[in-house]
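Structure first, commentary second.
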Amino acid sequence: MRVTDLSTLRRVAVPLAFGGNSEQQHTYFAELHRVGLVTQLLGIIAYSLTWLLMPEPYHPNLTHAVLALLGMLASVLVRYRCTTLRVLTISGACAVLALTFGLRTMADAVQHASFWVLPVGVFMTLAIASIFNGGISYLAVVAGVWWNVGHGLYPVNAGLPDQSWVPLMIAVSVLFGLALNVSFSLLRLRNYHSKVELTRLAFQDGLTGLNNRRMFTQRAQQMHGSAHGGMLHFLMIDIDDFKIINDQQGHDAGDEVLVRTASIIAEKAQGHLCGRLGGEEFGVVYAGSRADAGDFAAALVAAVSQAFHAAQFVSISVGVAELDRGKELGHSYRLADEALYLAKRQGKNRYVIA
């Protein structure tokens with residue numbers, strides 16, 4: 001098996017077994033919170049109806065029955081107020097175990113308890129498959145379910161021909177439940193990756209991998225509106241004579257120039273916001289003084305011209321303007337744009353500070 005295949009298998013298997021990383025768990029939380037809350041409430045209703053509908057001669061152990069109900073109510077309250085998937089899983093496990101303990105209490109109050117708890121265990125095993133994210137946690141709770149309903153009762157009918165049916169039904173129900181749990185977990189995992197990809201497409205430039213205009217502007221607006229931090233400078237960067245490159249060498253060559261230029265900007269701008277504004281235009285929000293911003297712009301101009309010198313000559317022009325927090329962001333953009341076109345008129349392959 002290739003390394004890439006192993007990596008893909010691990011990327012899928014780990015979330016299915018353990019519930020995924022913290023970011024995935026945060027995404028799953030809202031869905032599991034709703035589903036689990038509804039399931040637990042239905043469990044309480046079913047338990048209460050079972051208690052009320054029990055025939056008159058049969059009376060469950062009152063202490064055990066009340067403790068089970070209190071455990072379910074406490075678990076619902078914790079689940080309603082919790083904010084993390086870990087607490088959600090623990091409260092769900094407690095609720096399931098309290099319910100099965102209560103149902104076992106009801107079964108013990110009637111004759112032939114082993115007959116009643118077998119379908120209860122099968123039903124619980126399948127019903128809880130959707131409310132636990134990760135096969136390990138699900139199997140741990142299922143083990144608790146079967147111990148709750150089965151301890152002291154199995155094996156039944158020892159030595160008779162139907163003795164093997166009980167472990168067979170338990171094994172089949174656990175396998176079906178695990179298959180359901182994995183299916184639900186796979187759906188959540190796919191939805192998570194789809195959401196990540198949609199977010200990437202919405203905020204990342206598809207060609208260069210930099211922030212797109214929307215993301216760049218959004219983050220620049222946040223930095224501009226922040227009262228903390230030092231001076232900020234906006235650099236508007238444009239590839240010189242890019243239309244000629246496209247017309248003479250083709251769009252593939254143009255795309256290569258865009259990608260290499262973006263790579264240089266990203267490398268030089270580490271720690272500073274950068275993005276592609278559209279076409280052959282890029283932007284950087286540089287955190288630093290006027291002199292430092294000028295040195296950074298000069299380094300960008302030199303790096304681009306040197307990177308393309310062997311095959312063809314490609315250069316950039318840069319307009320620099322301070323981000324004035326006392327005015328709208330568009331004002332600084334206009335100043336940088338004016339400085340950029342001044343650099344173009346002065347011969348290109350240079351920077352101008354407004």
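Naming works like this for the structure tokens: A, B, ... for the chains as they're shown, residue 1 at the start of each chain, ligands 1 onward in shown order.
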
Residues of segment 268-323 of chain A within 7 Å of segment 212-236 of chain A: nearest atom pair and distance (Å, one decimal) for each, counting only C-alpha atoms, sorted by chain and number, as a tab-separated table?
residue	atom	partner	partner_atom	distance
A:Cys274	CA	A:Phe216	CA	6.8
A:Gly275	CA	A:Asn212	CA	5.7
A:Arg276	CA	A:Asn212	CA	5.3
A:Leu277	CA	A:Arg213	CA	4.6
A:Gly278	CA	A:Arg213	CA	6.9
A:Phe282	CA	A:Met236	CA	6.1
A:Gly283	CA	A:Met236	CA	4.8
A:Val284	CA	A:Leu235	CA	5.0
A:Val285	CA	A:Phe234	CA	4.6
A:Tyr286	CA	A:His233	CA	5.0
A:Ala287	CA	A:Leu232	CA	4.6
A:Gly288	CA	A:Met231	CA	5.4
A:Ser289	CA	A:Met231	CA	5.9
A:Ala293	CA	A:His233	CA	6.7
A:Val318	CA	A:Met236	CA	5.6
A:Gly319	CA	A:Met236	CA	5.1
A:Val320	CA	A:Leu235	CA	4.6
A:Ala321	CA	A:Phe234	CA	5.4
A:Glu322	CA	A:His233	CA	4.2
A:Leu323	CA	A:His233	CA	5.2

Selection from above, N, CA and C atoms, as a short mmCIF file (atom, residue, chain, number, x, y, z; two decimals), in the first residue's frame, can you write it?
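This went into out_3.cif:
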data_model
loop_
_atom_site.label_atom_id
_atom_site.label_comp_id
_atom_site.auth_asym_id
_atom_site.auth_seq_id
_atom_site.Cartn_x
_atom_site.Cartn_y
_atom_site.Cartn_z
N CYS A 274 -1.72 39.25 3.20
CA CYS A 274 -1.53 39.43 1.77
C CYS A 274 -2.64 38.70 1.02
N GLY A 275 -2.89 39.11 -0.22
CA GLY A 275 -3.94 38.47 -1.01
C GLY A 275 -3.91 38.94 -2.44
N ARG A 276 -4.69 38.24 -3.26
CA ARG A 276 -4.84 38.63 -4.66
C ARG A 276 -6.14 39.41 -4.78
N LEU A 277 -6.04 40.63 -5.30
CA LEU A 277 -7.20 41.51 -5.38
C LEU A 277 -7.98 41.32 -6.67
N GLY A 278 -7.37 40.64 -7.64
CA GLY A 278 -8.04 40.41 -8.91
C GLY A 278 -7.09 40.64 -10.06
N PHE A 282 -2.23 42.52 -6.54
CA PHE A 282 -2.10 41.90 -5.23
C PHE A 282 -2.07 43.00 -4.17
N GLY A 283 -2.34 42.60 -2.94
CA GLY A 283 -2.31 43.57 -1.85
C GLY A 283 -1.63 43.00 -0.63
N VAL A 284 -1.00 43.87 0.14
CA VAL A 284 -0.37 43.48 1.41
C VAL A 284 -0.69 44.57 2.42
N VAL A 285 -1.07 44.17 3.63
CA VAL A 285 -1.16 45.10 4.75
C VAL A 285 0.05 44.87 5.62
N TYR A 286 0.95 45.83 5.60
CA TYR A 286 2.23 45.70 6.29
C TYR A 286 2.14 46.40 7.64
N ALA A 287 2.44 45.67 8.72
CA ALA A 287 2.45 46.25 10.06
C ALA A 287 3.85 46.74 10.37
N GLY A 288 4.05 48.04 10.33
CA GLY A 288 5.37 48.60 10.58
C GLY A 288 5.42 50.07 10.20
N SER A 289 6.58 50.65 10.40
CA SER A 289 6.75 52.08 10.14
C SER A 289 6.80 52.36 8.64
N ALA A 293 8.04 49.82 5.74
CA ALA A 293 7.15 49.49 4.62
C ALA A 293 7.85 49.75 3.29
N VAL A 318 4.71 49.01 -7.21
CA VAL A 318 4.05 48.98 -5.89
C VAL A 318 3.71 50.39 -5.46
N GLY A 319 2.47 50.57 -5.01
CA GLY A 319 2.04 51.82 -4.39
C GLY A 319 1.81 51.59 -2.91
N VAL A 320 2.35 52.46 -2.07
CA VAL A 320 2.28 52.29 -0.62
C VAL A 320 1.57 53.48 -0.01
N ALA A 321 0.64 53.21 0.91
CA ALA A 321 -0.06 54.28 1.62
C ALA A 321 -0.35 53.83 3.04
N GLU A 322 -0.25 54.76 3.98
CA GLU A 322 -0.56 54.43 5.36
C GLU A 322 -2.06 54.21 5.52
N LEU A 323 -2.43 53.19 6.31
CA LEU A 323 -3.84 52.96 6.62
C LEU A 323 -4.23 53.92 7.73
#

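Taking segment 185-272 of chain A and asking which residues DSSP calls strand (DSSP E) on the backbone, you get Leu232, His233, Phe234, Leu235, Met236, Ile237, Asp238 and Ile239 of chain A.
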
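Among the candidates A:Leu168, A:Leu207, A:Leu189, A:Val78, the one nearest to Gly279 of chain A when counting only C-alpha atoms is A:Leu207.
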
Contacts of segment 111-119 of chain A at 12 Å (only C-alpha atoms; same-chain gap of 4+ positions) as a PyMOL selection string | chain A and resi 55+57-60+100-107+123-127+145-157+165-171+173

Shell around Phe184 of chain A at 10 Å using only C-alpha atoms, local window under 6 positions removed, as a PyMOL selection string | chain A and resi 16+129-134+178+190

Across A:Val304, A:Leu37, A:Ile244, A:Phe29, the smallest distance to Ile264 of chain A, with only C-alpha atoms counted, is shown by A:Val304

Skipping near chain neighbours, those fewer than 5 positions away, what residues fall within 12 Å of Thr39 of chain A using only C-alpha atoms, listed as JSON, numbers by chain?
-> {"A": [32, 33, 34, 44, 45, 46, 72, 75, 76, 79, 92, 95, 96, 99, 124, 127, 128, 129, 130, 131, 132]}

Any chance you can output those residues with all heavy atoms as a short mmCIF file (atom, residue, chain, number, x, y, z; two decimals), in the first residue's frame?
data_model
loop_
_atom_site.label_atom_id
_atom_site.label_comp_id
_atom_site.auth_asym_id
_atom_site.auth_seq_id
_atom_site.Cartn_x
_atom_site.Cartn_y
_atom_site.Cartn_z
N LEU A 32 -25.09 16.99 16.87
CA LEU A 32 -25.22 15.95 17.88
C LEU A 32 -25.97 16.46 19.11
O LEU A 32 -26.67 15.70 19.79
CB LEU A 32 -23.84 15.45 18.29
CG LEU A 32 -23.11 14.62 17.22
CD1 LEU A 32 -21.66 14.39 17.62
CD2 LEU A 32 -23.81 13.29 17.01
N HIS A 33 -25.85 17.74 19.39
CA HIS A 33 -26.56 18.33 20.52
C HIS A 33 -28.07 18.22 20.31
O HIS A 33 -28.80 17.79 21.20
CB HIS A 33 -26.13 19.79 20.69
CG HIS A 33 -26.69 20.43 21.92
ND1 HIS A 33 -27.87 21.13 21.93
CD2 HIS A 33 -26.21 20.47 23.19
CE1 HIS A 33 -28.11 21.58 23.15
NE2 HIS A 33 -27.12 21.19 23.94
N ARG A 34 -28.53 18.58 19.12
CA ARG A 34 -29.97 18.53 18.83
C ARG A 34 -30.48 17.09 18.80
O ARG A 34 -31.49 16.77 19.43
CB ARG A 34 -30.26 19.21 17.50
CG ARG A 34 -30.07 20.72 17.51
CD ARG A 34 -30.63 21.33 16.25
NE ARG A 34 -29.92 20.85 15.07
CZ ARG A 34 -28.87 21.44 14.53
NH1 ARG A 34 -28.38 22.54 15.09
NH2 ARG A 34 -28.29 20.95 13.45
N ILE A 44 -36.93 9.38 27.98
CA ILE A 44 -37.61 9.67 29.26
C ILE A 44 -39.11 9.43 29.14
O ILE A 44 -39.75 8.85 30.04
CB ILE A 44 -37.32 11.12 29.69
CG1 ILE A 44 -35.83 11.27 30.06
CG2 ILE A 44 -38.20 11.52 30.87
CD1 ILE A 44 -35.42 12.69 30.36
N ILE A 45 -39.68 9.87 28.01
CA ILE A 45 -41.11 9.65 27.79
C ILE A 45 -41.43 8.16 27.73
O ILE A 45 -42.39 7.68 28.35
CB ILE A 45 -41.56 10.35 26.50
CG1 ILE A 45 -41.45 11.88 26.66
CG2 ILE A 45 -42.99 9.96 26.13
CD1 ILE A 45 -41.68 12.65 25.36
N ALA A 46 -40.62 7.39 26.99
CA ALA A 46 -40.84 5.95 26.87
C ALA A 46 -40.72 5.27 28.23
O ALA A 46 -41.53 4.38 28.58
CB ALA A 46 -39.85 5.35 25.89
N MET A 72 -31.60 10.21 34.24
CA MET A 72 -31.95 10.66 32.89
C MET A 72 -32.23 12.16 32.86
O MET A 72 -31.80 12.87 31.95
CB MET A 72 -33.17 9.88 32.38
CG MET A 72 -32.86 8.45 31.97
SD MET A 72 -34.31 7.59 31.34
CE MET A 72 -34.98 6.97 32.88
N SER A 75 -28.99 14.10 33.17
CA SER A 75 -28.22 14.02 31.92
C SER A 75 -28.77 14.97 30.87
O SER A 75 -28.02 15.61 30.13
CB SER A 75 -28.23 12.59 31.38
OG SER A 75 -27.61 11.71 32.30
N VAL A 76 -30.11 15.07 30.80
CA VAL A 76 -30.73 16.00 29.85
C VAL A 76 -30.35 17.44 30.19
O VAL A 76 -30.04 18.25 29.31
CB VAL A 76 -32.26 15.84 29.84
CG1 VAL A 76 -32.93 16.99 29.12
CG2 VAL A 76 -32.64 14.53 29.16
N ARG A 79 -26.77 18.01 29.24
CA ARG A 79 -26.65 18.06 27.79
C ARG A 79 -27.17 19.39 27.24
O ARG A 79 -26.60 19.97 26.33
CB ARG A 79 -27.43 16.90 27.15
CG ARG A 79 -27.14 16.75 25.66
CD ARG A 79 -27.91 15.61 25.05
NE ARG A 79 -27.33 15.25 23.76
CZ ARG A 79 -26.44 14.29 23.58
NH1 ARG A 79 -26.02 13.60 24.61
NH2 ARG A 79 -25.97 14.03 22.38
N GLY A 92 -24.53 11.91 27.28
CA GLY A 92 -25.30 10.95 26.50
C GLY A 92 -25.12 9.53 27.00
O GLY A 92 -26.09 8.76 27.10
N ALA A 95 -27.05 9.10 30.21
CA ALA A 95 -28.48 9.01 29.95
C ALA A 95 -28.87 7.62 29.46
O ALA A 95 -29.87 7.03 29.90
CB ALA A 95 -28.89 10.06 28.92
N VAL A 96 -28.07 7.07 28.53
CA VAL A 96 -28.36 5.75 27.99
C VAL A 96 -28.27 4.68 29.08
O VAL A 96 -29.13 3.80 29.20
CB VAL A 96 -27.40 5.42 26.83
CG1 VAL A 96 -27.52 3.96 26.41
CG2 VAL A 96 -27.68 6.33 25.64
N LEU A 99 -31.20 4.92 31.45
CA LEU A 99 -32.42 4.39 30.85
C LEU A 99 -32.42 2.87 30.86
O LEU A 99 -33.43 2.24 31.22
CB LEU A 99 -32.55 4.91 29.41
CG LEU A 99 -33.73 4.37 28.60
CD1 LEU A 99 -35.06 4.67 29.29
CD2 LEU A 99 -33.72 4.96 27.19
N MET A 124 -32.02 -0.58 22.01
CA MET A 124 -31.13 0.48 22.50
C MET A 124 -29.84 0.51 21.70
O MET A 124 -29.31 1.59 21.39
CB MET A 124 -30.83 0.27 23.98
CG MET A 124 -32.02 0.49 24.89
SD MET A 124 -32.59 2.21 24.91
CE MET A 124 -31.18 3.00 25.64
N ALA A 127 -30.77 2.21 18.46
CA ALA A 127 -31.31 3.56 18.59
C ALA A 127 -30.25 4.60 18.90
O ALA A 127 -30.37 5.77 18.51
CB ALA A 127 -32.39 3.58 19.68
N ILE A 128 -29.19 4.21 19.62
CA ILE A 128 -28.18 5.20 20.03
C ILE A 128 -27.05 5.35 19.01
O ILE A 128 -26.12 6.12 19.24
CB ILE A 128 -27.59 4.84 21.40
CG1 ILE A 128 -26.78 3.53 21.33
CG2 ILE A 128 -28.67 4.75 22.46
CD1 ILE A 128 -26.05 3.18 22.61
N ALA A 129 -27.14 4.64 17.88
CA ALA A 129 -26.04 4.69 16.91
C ALA A 129 -25.79 6.10 16.38
O ALA A 129 -24.66 6.46 16.06
CB ALA A 129 -26.34 3.74 15.75
N SER A 130 -26.84 6.92 16.29
CA SER A 130 -26.68 8.24 15.68
C SER A 130 -26.20 9.31 16.64
O SER A 130 -25.80 10.39 16.21
CB SER A 130 -28.02 8.68 15.07
OG SER A 130 -28.99 8.86 16.08
N ILE A 131 -26.26 9.06 17.96
CA ILE A 131 -25.98 10.14 18.91
C ILE A 131 -24.56 10.11 19.46
O ILE A 131 -24.21 10.97 20.27
CB ILE A 131 -26.99 10.15 20.07
CG1 ILE A 131 -26.82 8.91 20.95
CG2 ILE A 131 -28.40 10.25 19.55
CD1 ILE A 131 -27.68 8.94 22.21
N PHE A 132 -23.76 9.13 19.02
CA PHE A 132 -22.36 9.08 19.45
C PHE A 132 -21.45 9.19 18.23
O PHE A 132 -21.61 8.43 17.27
CB PHE A 132 -22.07 7.80 20.22
CG PHE A 132 -22.73 7.75 21.56
CD1 PHE A 132 -23.93 7.08 21.73
CD2 PHE A 132 -22.18 8.41 22.64
CE1 PHE A 132 -24.56 7.05 22.96
CE2 PHE A 132 -22.80 8.38 23.88
CZ PHE A 132 -23.99 7.71 24.04
#

At what distance in Å, to one decimal, does atom CA of Asp324 of chain A lie from atom CA of Asp240 of chain A?
->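 Taking atom CA of Asp240 of chain A and atom CA of Asp324 of chain A, their separation equals 27.4 Å.
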
Point-to-point distance from atom CA of Asp337 of chain A to atom CA of Ala307 of chain A, Å rounded to tenths |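 The value is 24.7 Å.
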
In segment 103-319 of chain A, DSSP alpha helix (DSSP H) residues written as JSON, numbers by chain = {"A": [103, 104, 105, 106, 107, 108, 113, 114, 115, 116, 117, 118, 119, 120, 121, 122, 123, 124, 125, 126, 127, 135, 136, 137, 138, 139, 140, 141, 142, 143, 144, 145, 146, 147, 148, 149, 150, 165, 166, 167, 168, 169, 170, 171, 172, 173, 174, 175, 176, 177, 178, 179, 180, 181, 182, 183, 184, 185, 186, 187, 188, 189, 190, 191, 192, 193, 194, 195, 196, 197, 198, 199, 200, 201, 202, 203, 213, 214, 215, 216, 217, 218, 219, 220, 221, 222, 223, 224, 225, 242, 243, 244, 245, 246, 247, 248, 249, 251, 252, 253, 254, 255, 256, 257, 258, 259, 260, 261, 262, 263, 264, 265, 266, 267, 268, 290, 291, 292, 293, 294, 295, 296, 297, 298, 299, 300, 301, 302, 303, 304, 305, 306, 307]}

Hey, can you check how far atom CA of Ala354 of chain A sits from atom CA of Arg290 of chain A?
->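 Separation between atom CA of Ala354 of chain A and atom CA of Arg290 of chain A: 10.1 Å.
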
Could you tell me which of A:Leu85, A:Leu67, A:Val120, A:Leu198 comes closest to Thr50 of chain A if we count only C-alpha atoms?
->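 Checking each of A:Leu85, A:Leu67, A:Val120, A:Leu198 against Thr50 of chain A, counting only C-alpha atoms, the winner is A:Val120.
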